[in-house]
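Visitor: Just dropping this structure here.
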Amino acid sequence: MLIWLLTFSLNTYAATAGSLKTTLPTVQVLKRAVVEDRLENLPSVLMEARLESRLPAGYEFTDIDKGSIYDVLGFKVGDILMEINGEKVDSSLKAAQLIVALKTETRFNVKIKRGTKVSSLAYRIED
């Protein structure tokens, strides 16, 4: 209930503060079973998206398979993956390793650049 109120409050604040360019992230809730299923093996995770270097900013998604962990997390073609849990994404392998490491997390944050806007995405994994 508290998280819903916080999310509602943040969304309401963001909607009424039209002159602000950044807003606090809404926490997206993911089911643990879905995350574990999508992260079952690293080779598969590596094949489900194509990333191209846009260093020093990060790695750009140039292709994302429907139903992949990248799709479930809401990434879109053209997004630049900059950080996961504060760790800079400086190789496509590191991006995949950081994504696979999320299997054991209960909360995590991702920093992306979509178009000209840099956003922080917050996630919570529940049973």
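Chain lettering (A, B, ...) mirrors the order of the structure tokens, residue numbering begins at 1 for each chain separately, and ligand numbering begins at 1 in order of display.
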For Val72 of chain A, list every protein, DNA or RNA residue within 12 Å, evaluated using only C-alpha atoms, and leave out those in the same chain fewer than 5 positions away; present the list as a count of residues only.
Guide: 18
Visitor: Would you compute the distance between atom CA of Ala122 of chain A and atom CA of Ile69 of chain A? Give it in Å to one decimal.
Guide: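 So the answer is 15.0 Å.
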Visitor: Taking 2 positions as the minimum chain separation for residues in the same chain, which residues sit within 12 Å of segment 94-98 of chain A when counting only C-alpha atoms? Answer as a VMD selection string.
Guide: chain A and resid 39 41 to 53 58 to 61 69 to 70 80 to 92 100 to 105 108 to 111
Visitor: Looking at only C-alpha atoms, which of A:Glu40, A:Glu126, A:Val27, A:Thr116 is the one that sits closest to Ser68 of chain A?
Guide: A:Glu40
